[in-house]
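Participant: File upload.cif below, mmCIF, C-alpha atoms:
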data_model
loop_
_atom_site.group_PDB
_atom_site.id
_atom_site.type_symbol
_atom_site.label_atom_id
_atom_site.label_comp_id
_atom_site.auth_asym_id
_atom_site.auth_seq_id
_atom_site.Cartn_x
_atom_site.Cartn_y
_atom_site.Cartn_z
ATOM 1 C CA MET A 235 0.000 0.000 0.000
ATOM 2 C CA THR A 236 1.371 3.421 -0.876
ATOM 3 C CA GLU A 237 1.106 6.478 1.362
ATOM 4 C CA GLN A 238 -1.509 8.035 -0.921
ATOM 5 C CA GLU A 239 -3.639 4.890 -0.828
ATOM 6 C CA PHE A 240 -3.291 4.748 2.926
ATOM 7 C CA VAL A 241 -4.332 8.376 3.421
ATOM 8 C CA ARG A 242 -7.388 7.906 1.192
ATOM 9 C CA LEU A 243 -8.376 4.706 3.001
ATOM 10 C CA TYR A 244 -7.759 6.277 6.399
ATOM 11 C CA GLU A 245 -9.801 9.377 5.724
ATOM 12 C CA ARG A 246 -12.674 7.294 4.424
ATOM 13 C CA THR A 247 -12.804 4.607 7.093
ATOM 14 C CA ALA A 248 -10.922 5.663 10.217
ATOM 15 C CA PRO A 249 -13.513 7.932 11.908
ATOM 16 C CA ALA A 250 -16.168 5.197 12.100
ATOM 17 C CA LEU A 251 -13.624 2.517 12.947
ATOM 18 C CA ARG A 252 -12.179 4.633 15.737
ATOM 19 C CA SER A 253 -15.642 5.207 17.208
ATOM 20 C CA TYR A 254 -16.228 1.444 17.109
ATOM 21 C CA LEU A 255 -12.919 0.821 18.882
ATOM 22 C CA ARG A 256 -13.753 3.444 21.480
ATOM 23 C CA LEU A 257 -17.054 1.714 22.082
ATOM 24 C CA LEU A 258 -15.187 -1.589 22.349
ATOM 25 C CA CYS A 259 -12.566 -0.490 24.867
ATOM 26 C CA ARG A 260 -13.803 2.857 26.259
ATOM 27 C CA ASN A 261 -10.351 4.326 26.165
ATOM 28 C CA THR A 262 -9.376 6.857 23.508
ATOM 29 C CA ALA A 263 -5.616 6.281 23.729
ATOM 30 C CA LEU A 264 -6.040 2.520 23.537
ATOM 31 C CA ALA A 265 -8.527 2.934 20.666
ATOM 32 C CA ASP A 266 -5.919 4.965 18.750
ATOM 33 C CA ASP A 267 -3.285 2.262 19.335
ATOM 34 C CA LEU A 268 -5.690 -0.407 18.153
ATOM 35 C CA LEU A 269 -6.630 1.721 15.149
ATOM 36 C CA GLN A 270 -2.954 1.917 14.211
ATOM 37 C CA ASP A 271 -2.570 -1.826 14.728
ATOM 38 C CA GLY A 272 -5.641 -2.492 12.608
ATOM 39 C CA PHE A 273 -4.342 -0.372 9.739
ATOM 40 C CA MET A 274 -0.917 -1.964 10.068
ATOM 41 C CA ARG A 275 -2.482 -5.354 9.413
ATOM 42 C CA MET A 276 -3.858 -3.855 6.190
ATOM 43 C CA LEU A 277 -0.404 -2.887 4.887
ATOM 44 C CA HIS A 278 0.059 -6.048 2.848
ATOM 45 C CA VAL A 279 -3.485 -6.225 1.540
ATOM 46 C CA ASP A 280 -4.106 -5.287 -2.079
ATOM 47 C CA VAL A 281 -6.870 -2.781 -1.323
ATOM 48 C CA ALA A 282 -7.469 -2.080 -5.004
ATOM 49 C CA ARG A 283 -8.891 -5.589 -5.442
ATOM 50 C CA LEU A 284 -11.513 -5.197 -2.695
ATOM 51 C CA ASN A 285 -14.841 -3.440 -3.008
ATOM 52 C CA GLU A 286 -15.950 -0.936 -0.375
ATOM 53 C CA HIS A 287 -17.875 -3.445 1.725
ATOM 54 C CA GLN A 288 -15.125 -6.097 1.588
ATOM 55 C CA LEU A 289 -12.589 -3.472 2.561
ATOM 56 C CA LYS A 290 -14.665 -2.339 5.520
ATOM 57 C CA SER A 291 -15.228 -5.924 6.592
ATOM 58 C CA TYR A 292 -11.501 -6.692 6.351
ATOM 59 C CA LEU A 293 -10.607 -3.550 8.289
ATOM 60 C CA TYR A 294 -13.084 -4.272 11.088
ATOM 61 C CA LYS A 295 -11.786 -7.830 11.257
ATOM 62 C CA ALA A 296 -8.209 -6.570 11.542
ATOM 63 C CA ALA A 297 -9.095 -3.977 14.197
ATOM 64 C CA THR A 298 -11.263 -6.370 16.227
ATOM 65 C CA SER A 299 -8.542 -8.971 16.078
ATOM 66 C CA ALA A 300 -6.007 -6.372 17.256
ATOM 67 C CA ALA A 301 -8.341 -5.575 20.160
ATOM 68 C CA MET A 302 -8.786 -9.253 21.005
ATOM 69 C CA ASP A 303 -5.016 -9.791 20.869
ATOM 70 C CA HIS A 304 -4.649 -6.908 23.284
ATOM 71 C CA PHE A 305 -7.245 -8.362 25.636
ATOM 72 C CA ARG A 306 -5.692 -11.827 25.308
ATOM 73 C CA ALA A 307 -2.278 -10.407 26.081
ATOM 74 C CA ARG A 308 -3.801 -9.452 29.390
ATOM 75 C CA LYS A 309 -4.712 -13.093 29.872
ATOM 76 C CA ARG A 310 -8.332 -12.685 28.896
ATOM 77 C CA GLU A 311 -10.407 -14.734 26.502
ATOM 78 C CA LEU A 312 -13.054 -13.395 24.148
ATOM 79 C CA LEU A 313 -15.744 -14.578 26.561
ATOM 80 C CA GLY A 314 -14.101 -12.421 29.154
ATOM 81 C CA LEU A 315 -14.657 -9.336 27.016
ATOM 82 C CA ALA A 316 -17.194 -8.027 29.508
ATOM 83 C CA ASP A 317 -14.695 -8.426 32.379
ATOM 84 C CA VAL A 318 -11.948 -6.677 30.484
ATOM 85 C CA GLN A 319 -14.237 -3.875 29.457
ATOM 86 C CA SER A 320 -15.646 -3.387 32.942
ATOM 87 C CA GLU A 321 -12.102 -3.365 34.285
ATOM 88 C CA SER A 322 -10.949 -0.820 31.733
ATOM 89 C CA GLY A 323 -13.825 1.461 32.693
ATOM 90 C CA PHE A 324 -16.335 0.180 30.184
ATOM 91 C CA HIS A 325 -19.087 2.034 31.932
ATOM 92 C CA ALA A 326 -17.193 5.266 31.562
ATOM 93 C CA ASP A 327 -19.243 7.570 29.393
ATOM 94 C CA LEU A 328 -18.456 8.180 25.754
ATOM 95 C CA ASP A 329 -18.413 11.700 24.361
ATOM 96 C CA LEU A 330 -22.110 11.575 23.653
ATOM 97 C CA PRO A 331 -25.114 13.559 24.786
ATOM 98 C CA HIS A 332 -26.159 12.492 28.293
ATOM 99 C CA ASP A 333 -29.359 10.748 27.189
ATOM 100 C CA MET A 334 -27.512 8.706 24.552
ATOM 101 C CA ASN A 335 -24.963 7.608 27.136
ATOM 102 C CA LEU A 336 -27.788 6.703 29.468
ATOM 103 C CA ALA A 337 -29.431 4.496 26.868
ATOM 104 C CA LEU A 338 -26.190 2.783 25.830
ATOM 105 C CA ARG A 339 -25.096 2.217 29.399
ATOM 106 C CA ALA A 340 -28.241 0.180 30.030
ATOM 107 C CA LEU A 341 -27.005 -2.396 27.487
ATOM 108 C CA LYS A 342 -24.338 -5.048 27.961
ATOM 109 C CA PRO A 343 -20.985 -4.393 26.235
ATOM 110 C CA GLN A 344 -21.560 -7.242 23.776
ATOM 111 C CA GLN A 345 -25.018 -5.893 22.908
ATOM 112 C CA GLN A 346 -23.611 -2.419 22.222
ATOM 113 C CA VAL A 347 -20.926 -3.804 19.927
ATOM 114 C CA LEU A 348 -23.418 -6.001 18.088
ATOM 115 C CA LEU A 349 -25.868 -3.136 17.583
ATOM 116 C CA TRP A 350 -23.026 -0.982 16.280
ATOM 117 C CA LEU A 351 -21.839 -3.559 13.776
ATOM 118 C CA ALA A 352 -25.355 -4.320 12.555
ATOM 119 C CA TYR A 353 -26.964 -0.887 12.479
ATOM 120 C CA VAL A 354 -24.087 1.552 12.057
ATOM 121 C CA GLU A 355 -21.866 -0.509 9.779
ATOM 122 C CA GLY A 356 -24.622 -2.575 8.209
ATOM 123 C CA PHE A 357 -22.852 -5.918 8.600
ATOM 124 C CA GLU A 358 -24.873 -9.087 8.122
ATOM 125 C CA HIS A 359 -25.098 -11.703 10.868
ATOM 126 C CA ARG A 360 -22.710 -14.002 9.001
ATOM 127 C CA GLU A 361 -20.116 -11.196 8.898
ATOM 128 C CA ILE A 362 -20.522 -10.281 12.572
ATOM 129 C CA ALA A 363 -20.225 -13.887 13.801
ATOM 130 C CA PRO A 364 -16.498 -14.424 13.026
ATOM 131 C CA LEU A 365 -15.663 -10.899 14.195
ATOM 132 C CA LEU A 366 -16.858 -11.618 17.706
ATOM 133 C CA GLY A 367 -16.242 -15.362 17.748
ATOM 134 C CA LEU A 368 -19.944 -16.176 17.977
ATOM 135 C CA ALA A 369 -22.163 -18.556 16.027
ATOM 136 C CA GLU A 370 -24.375 -16.928 13.423
ATOM 137 C CA LYS A 371 -27.495 -18.110 15.264
ATOM 138 C CA SER A 372 -26.257 -16.578 18.503
ATOM 139 C CA VAL A 373 -25.686 -13.265 16.729
ATOM 140 C CA ARG A 374 -29.276 -13.336 15.512
ATOM 141 C CA VAL A 375 -30.680 -14.031 18.981
ATOM 142 C CA VAL A 376 -28.434 -11.644 20.915
ATOM 143 C CA LEU A 377 -28.977 -8.896 18.375
ATOM 144 C CA PHE A 378 -32.728 -9.363 18.460
ATOM 145 C CA ARG A 379 -32.747 -9.101 22.261
ATOM 146 C CA ALA A 380 -30.431 -6.109 22.210
ATOM 147 C CA ARG A 381 -32.623 -4.339 19.686
ATOM 148 C CA GLN A 382 -35.748 -5.005 21.741
ATOM 149 C CA GLN A 383 -34.029 -3.806 24.879
ATOM 150 C CA LEU A 384 -32.725 -0.619 23.298
ATOM 151 C CA ALA A 385 -36.113 0.114 21.727
ATOM 152 C CA ALA A 386 -37.733 -0.288 25.148
ATOM 153 C CA ILE A 387 -35.157 2.031 26.737
ATOM 154 C CA LEU A 388 -35.665 4.625 24.029
ATOM 155 C CA LYS A 389 -39.405 4.464 24.574
ATOM 156 C CA GLU A 390 -39.086 4.595 28.346
ATOM 157 C CA HIS A 391 -36.841 7.642 28.271
ATOM 158 C CA GLU A 392 -38.725 9.137 25.347
ATOM 159 C CA LEU A 393 -35.536 9.277 23.337
ATOM 160 C CA GLU A 394 -37.084 8.242 20.062
ATOM 161 C CA LYS A 395 -36.845 11.788 18.799
ATOM 162 C CA VAL A 396 -33.292 12.394 19.968
ATOM 163 C CA THR A 397 -31.910 11.046 16.716
ATOM 164 C CA MET B 214 -39.107 -16.071 22.456
ATOM 165 C CA ASN B 215 -39.823 -15.160 18.904
ATOM 166 C CA ASP B 216 -36.595 -13.994 17.311
ATOM 167 C CA LYS B 217 -37.760 -14.303 13.718
ATOM 168 C CA GLU B 218 -36.952 -11.398 11.469
ATOM 169 C CA CYS B 219 -39.581 -9.718 9.371
ATOM 170 C CA SER B 220 -38.861 -10.483 5.709
ATOM 171 C CA HIS B 221 -38.581 -6.743 5.034
ATOM 172 C CA GLU B 222 -36.028 -6.132 7.763
ATOM 173 C CA SER B 223 -32.882 -6.221 5.655
ATOM 174 C CA GLY B 224 -34.583 -4.028 3.042
ATOM 175 C CA VAL B 225 -35.515 -1.532 5.734
ATOM 176 C CA ARG B 226 -31.962 -1.566 7.092
ATOM 177 C CA ARG B 227 -30.497 -0.982 3.653
ATOM 178 C CA ALA B 228 -32.977 1.821 2.985
ATOM 179 C CA ILE B 229 -31.924 3.560 6.221
ATOM 180 C CA ASP B 230 -28.294 3.214 5.130
ATOM 181 C CA ASP B 231 -29.161 4.830 1.831
ATOM 182 C CA ASP B 232 -31.002 7.577 3.715
ATOM 183 C CA GLY B 233 -34.488 7.000 2.490
ATOM 184 C CA LEU B 234 -37.410 4.619 2.845
ATOM 185 C CA THR B 235 -39.513 4.110 -0.254
ATOM 186 C CA GLU B 236 -43.254 4.719 0.061
ATOM 187 C CA ASP B 237 -43.882 0.938 0.164
ATOM 188 C CA LEU B 238 -41.377 0.431 2.951
ATOM 189 C CA ARG B 239 -42.672 3.444 4.845
ATOM 190 C CA GLN B 240 -46.155 1.967 4.728
ATOM 191 C CA HIS B 241 -44.829 -1.413 5.841
ATOM 192 C CA VAL B 242 -42.882 0.137 8.723
ATOM 193 C CA SER B 243 -45.993 1.929 9.960
ATOM 194 C CA GLN B 244 -47.741 -1.452 10.241
ATOM 195 C CA CYS B 245 -44.846 -3.708 11.363
ATOM 196 C CA ALA B 246 -43.717 -3.327 14.979
ATOM 197 C CA SER B 247 -40.481 -5.222 14.337
ATOM 198 C CA CYS B 248 -39.424 -2.981 11.452
ATOM 199 C CA ARG B 249 -40.429 0.116 13.434
ATOM 200 C CA GLU B 250 -38.044 -1.054 16.104
ATOM 201 C CA VAL B 251 -35.307 -1.532 13.493
ATOM 202 C CA VAL B 252 -35.773 2.024 12.206
ATOM 203 C CA GLN B 253 -35.808 3.450 15.707
ATOM 204 C CA VAL B 254 -32.692 1.563 16.867
ATOM 205 C CA ALA B 255 -30.775 2.142 13.629
ATOM 206 C CA ARG B 256 -31.437 5.894 13.780
ATOM 207 C CA PHE B 257 -30.358 6.026 17.409
ATOM 208 C CA MET B 258 -27.134 4.086 16.755
ATOM 209 C CA LYS B 259 -26.297 6.160 13.685
ATOM 210 C CA GLY B 260 -26.937 9.330 15.723
ATOM 211 C CA ALA B 261 -24.529 8.062 18.387
ATOM 212 C CA ALA B 262 -21.956 7.239 15.693
ATOM 213 C CA ARG B 263 -22.242 10.710 14.168
ATOM 214 C CA ALA B 264 -21.836 12.303 17.600
ATOM 215 C CA MET B 265 -18.696 10.240 18.285
ATOM 216 C CA GLU B 266 -17.164 10.998 14.914
ATOM 217 C CA ARG B 267 -17.088 14.716 15.729
ATOM 218 C CA GLU B 268 -13.977 14.117 17.852
ATOM 219 C CA PRO B 269 -10.730 15.203 16.119
ATOM 220 C CA MET B 270 -8.903 12.298 14.466
ATOM 221 C CA PRO B 271 -5.172 11.500 14.644
ATOM 222 C CA ASP B 272 -3.490 12.898 11.516
ATOM 223 C CA ALA B 273 -3.367 10.428 8.610
ATOM 224 C CA ARG B 274 0.246 11.164 7.634
ATOM 225 C CA ALA B 275 1.442 10.972 11.232
ATOM 226 C CA MET B 276 -0.348 7.630 11.530
ATOM 227 C CA TRP B 277 1.335 6.452 8.292
ATOM 228 C CA SER B 278 4.775 7.394 9.677
ATOM 229 C CA ARG B 279 4.098 5.575 12.950
ATOM 230 C CA ILE B 280 2.903 2.499 11.071
ATOM 231 C CA GLN B 281 6.030 2.528 8.891
ATOM 232 C CA LEU B 282 8.274 2.802 11.966
ATOM 233 C CA GLU B 283 6.427 0.005 13.745
ATOM 234 C CA GLU B 284 6.592 -2.172 10.636
ATOM 235 C CA ARG B 285 10.363 -1.599 10.339
ATOM 236 C CA ARG B 286 10.824 -2.481 14.018
ATOM 237 C CA ARG B 287 8.821 -5.675 13.514
ATOM 238 C CA LEU B 288 10.829 -6.645 10.434
ATOM 239 C CA ALA B 289 14.117 -6.015 12.254
ATOM 240 C CA GLU B 290 12.912 -8.123 15.159
ATOM 241 C CA ARG B 291 11.948 -10.914 12.767
ATOM 242 C CA ALA B 292 15.338 -10.726 11.043
ATOM 243 C CA GLN B 293 17.106 -11.046 14.402
ATOM 244 C CA ARG B 294 15.159 -14.137 15.386
ATOM 245 C CA PRO B 295 17.506 -16.695 13.693
ATOM 246 C CA VAL B 296 20.527 -14.993 15.280
ATOM 247 C CA ARG B 297 18.888 -15.155 18.687
ATOM 248 C CA LEU B 298 17.992 -18.815 18.165
ATOM 249 C CA ALA B 299 21.549 -19.642 17.069
ATOM 250 C CA TRP B 300 22.897 -17.827 20.134
ATOM 251 C CA LEU B 301 20.557 -19.763 22.418
ATOM 252 C CA PHE B 302 21.580 -23.021 20.752
ATOM 253 C CA ALA B 303 25.276 -22.154 21.190
ATOM 254 C CA LYS B 304 24.739 -21.428 24.893
ATOM 255 C CA CYS B 305 22.938 -24.727 25.408
ATOM 256 C CA TRP B 306 25.657 -26.577 23.480
ATOM 257 C CA PHE B 307 28.398 -24.941 25.559
ATOM 258 C CA ALA B 308 26.559 -25.775 28.815
ATOM 259 C CA CYS B 309 26.176 -29.434 27.764
ATOM 260 C CA VAL B 310 29.845 -29.802 26.759
ATOM 261 C CA ALA B 311 31.026 -28.039 29.907
ATOM 262 C CA GLY B 312 28.785 -30.282 32.043
ATOM 263 C CA LEU B 313 30.073 -33.397 30.327
ATOM 264 C CA VAL B 314 33.720 -32.368 30.724
ATOM 265 C CA LEU B 315 33.148 -31.502 34.389
ATOM 266 C CA TYR B 316 31.444 -34.827 35.001
ATOM 267 C CA ARG B 317 34.086 -36.921 33.259
ATOM 268 C CA GLU B 318 37.198 -35.030 34.348
ATOM 269 C CA TRP B 319 36.044 -34.029 37.838
ATOM 270 C CA PRO B 320 38.954 -35.693 39.733
ATOM 271 C CA VAL B 321 41.506 -33.741 37.673
ATOM 272 C CA ILE B 322 39.497 -30.483 37.639
ATOM 273 C CA GLY B 323 38.603 -30.714 41.326
ATOM 274 C CA ASN B 324 42.221 -31.295 42.227
ATOM 275 C CA PHE B 325 43.301 -28.341 40.009
ATOM 276 C CA ILE B 326 40.739 -26.000 41.639
ATOM 277 C CA LEU B 327 41.849 -26.961 45.123
ATOM 278 C CA THR B 328 45.482 -26.341 44.295
ATOM 279 C CA MET B 329 44.957 -23.215 42.146
ATOM 280 C CA PRO B 330 47.123 -20.235 43.131
ATOM 281 C CA GLU B 331 45.336 -17.157 44.593
ATOM 282 C CA TYR B 332 46.179 -14.812 41.675
ATOM 283 C CA ILE B 333 44.133 -16.975 39.297
ATOM 284 C CA TRP B 334 41.076 -16.548 41.564
ATOM 285 C CA ILE B 335 41.634 -12.787 41.554
ATOM 286 C CA ALA B 336 41.965 -12.758 37.754
ATOM 287 C CA ILE B 337 38.693 -14.692 37.406
ATOM 288 C CA ALA B 338 36.881 -12.298 39.770
ATOM 289 C CA VAL B 339 38.172 -9.230 37.883
ATOM 290 C CA GLY B 340 37.185 -10.788 34.535
ATOM 291 C CA ALA B 341 33.664 -11.534 35.814
ATOM 292 C CA ALA B 342 33.250 -7.975 37.163
ATOM 293 C CA ILE B 343 34.387 -6.466 33.837
ATOM 294 C CA TYR B 344 31.986 -8.738 31.967
ATOM 295 C CA VAL B 345 28.967 -7.855 34.157
ATOM 296 C CA LYS B 346 29.679 -4.102 34.128
ATOM 297 C CA GLY B 347 30.462 -4.024 30.402
ATOM 298 C CA ARG B 348 27.297 -5.899 29.558
ATOM 299 C CA GLY B 349 25.218 -3.472 31.671
ATOM 300 C CA LEU B 350 26.782 -0.455 29.937
ATOM 301 C CA LEU B 351 26.257 -1.958 26.494
ATOM 302 C CA LYS B 352 22.613 -2.756 27.248
ATOM 303 C CA GLY B 353 22.063 0.771 28.582
ATOM 304 C CA ALA B 354 23.631 2.268 25.440
ATOM 305 C CA VAL B 355 21.360 0.208 23.187
ATOM 306 C CA GLU B 356 18.243 1.200 25.157
ATOM 307 C CA THR B 357 19.090 4.918 25.172
ATOM 308 C CA GLY B 358 20.065 4.948 21.511
ATOM 309 C CA GLY B 359 23.770 5.437 22.110
ATOM 310 C CA ASP B 360 23.504 8.230 24.686
ATOM 311 C CA TRP B 361 25.748 6.920 27.475
ATOM 312 C CA ARG B 362 24.931 9.759 29.857
ATOM 313 C CA GLU B 363 21.338 8.531 30.373
#
Would you encode the structure as structure tokens?
Facilitator:
Amino acid sequence: MTEQEFVRLYERTAPALRSYLRLLCRNTALADDLLQDGFMRMLHVDVARLNEHQLKSYLYKAATSAAMDHFRARKRELLGLADVQSESGFHADLDLPHDMNLALRALKPQQQVLLWLAYVEGFEHREIAPLLGLAEKSVRVVLFRARQQLAAILKEHELEKVT
Amino acid sequence: MNDKECSHESGVRRAIDDDGLTEDLRQHVSQCASCREVVQVARFMKGAARAMEREPMPDARAMWSRIQLEERRRLAERAQRPVRLAWLFAKCWFACVAGLVLYREWPVIGNFILTMPEYIWIAIAVGAAIYVKGRGLLKGAVETGGDWRE
């Protein structure tokens, strides 16, 4: 990958990817390190051969795997994601309006990440499953529950019009 | 629990991504509770994403430079791996040979050690001290990039 290609790719994809990583680890400095690691794993990929969606999928896979490697390096397994996140201040607020933080905080870390991948990035269940090390069926069920829960929270706090 | 998707769900999701529901989908959403939920949740999540993306990003060119540096460091580390392995192998080999010699020639060696003159002991101690100190200095110089004052 040349510098020009990198800059174009970065400007197009990094803002959303960084927000995802911040949601994943709730730590801006760590998210920036993971972002760098994720892009570094893209260095040897021929980006010209991938379409936009494939590229995004590859990038999210690289960044999520960088995050998981980081968590694993701290002797945690993927299933321990919730522990790691709660330890690293997962319930610390993001730079969001108070009511949005309130709604997100009511969800489990895994639910937040799933909702992000499905509704912000538009990934299909089969694409989300390998990212988070879950079975496709589990993604469907967990996502459905998360969606119901968030919808109920939005209704309860009358946040439907916030967006 | 019913976790079945409405058949229009993926169409609704795609339409939100493309920023517009067709009249047919809009009508369907008004009648389908599941799709209404999808619209509501997707809009909320996208709103959150937009709010988070307002934060200033690390500069692309600075990120490129850091990635290049990190990549070079990784390549150098990989290139040094065979040397490190060979060094480790040599140490193990030396330890085995030394152990074997000590074991087989212990009567001669033991006798030599017991009768060794004092100045040889002093020479060994001085050599060991120089080795330990020199190694520490060398390591420090490598870590501080050649600045011996640090």
Participant: Let me make sure I understand: among A:Thr236, A:Gln383, A:Thr247, A:Gln270, which one has the smallest atom-to-atom distance to B:Glu283 if we use only C-alpha atoms?
Facilitator: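 Among the listed residues, A:Gln270 lies closest to B:Glu283.
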Participant: Please list, as a list in words, the residues that have an atom at most 12 Å away from (-16.7, -4.7, 4.7) in the coordinates of this file, counting all atoms listed in the file.
Facilitator: Thr247, Leu251, Val281, Leu284, Asn285, Glu286, His287, Gln288, Leu289, Lys290, Ser291, Tyr292, Leu293, Tyr294, Lys295, Ala296, Leu351, Ala352, Glu355, Gly356, Phe357, Glu358, Arg360, Glu361, Ile362 and Leu365 of chain A
Participant: What does the distance between atom CA of B:Ala246 and atom CA of B:Ala262 come to in Å, to one decimal place?
Facilitator: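 Straight-line distance from atom CA of B:Ala246 to atom CA of B:Ala262 works out to 24.2 Å.
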Participant: Quick one: which residues from chain A are at most 7 Å off chain B, using all atoms listed in the file, as a compact mmCIF listing (two decimals) with C-alpha atoms, keeping the file's coordinate frame?
Facilitator:
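File produced: selection32.txt:
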# COMPACT_ATOMS: atom_id res chain seq x y z
CA GLU A 237 1.11 6.48 1.36
CA VAL A 241 -4.33 8.38 3.42
CA TYR A 244 -7.76 6.28 6.40
CA PRO A 249 -13.51 7.93 11.91
CA ALA A 250 -16.17 5.20 12.10
CA SER A 253 -15.64 5.21 17.21
CA GLN A 270 -2.95 1.92 14.21
CA MET A 274 -0.92 -1.96 10.07
CA ASP A 329 -18.41 11.70 24.36
CA LEU A 330 -22.11 11.58 23.65
CA MET A 334 -27.51 8.71 24.55
CA TRP A 350 -23.03 -0.98 16.28
CA TYR A 353 -26.96 -0.89 12.48
CA VAL A 354 -24.09 1.55 12.06
CA VAL A 375 -30.68 -14.03 18.98
CA PHE A 378 -32.73 -9.36 18.46
CA ARG A 381 -32.62 -4.34 19.69
CA LEU A 384 -32.72 -0.62 23.30
CA ALA A 385 -36.11 0.11 21.73
CA GLU A 394 -37.08 8.24 20.06
CA THR A 397 -31.91 11.05 16.72
Participant: Could you check how far atom CA of A:Asp271 sits from atom CA of A:Ser299, in Å to one decimal?
Facilitator: 9.4 Å
Participant: Name the residues in contact with B:Leu238 at a cut-off of 8 Å, using all atoms listed in the file, excluding same-chain residues fewer than 4 positions from it; report them as an MDAnalysis selection string.
Facilitator: chainID B and resid 221 225 234 242
Participant: Using the file's own x, y and z axes, so that the box edges lie along x, y and z, what centre and edge lengths in Å (one decimal) does a box around every listed atom of stretch 301-306 of chain A get when 3 Å is added on each side? Give it as AutoDock Vina command-line options.
Facilitator:
--center_x -6.7 --center_y -8.7 --center_z 22.9 --size_x 10.1 --size_y 12.3 --size_z 11.5
Participant: Enter the distance from atom CA of B:Val345 to atom CA of B:Trp300, in Å, rounded to one decimal.
Facilitator: 18.2 Å
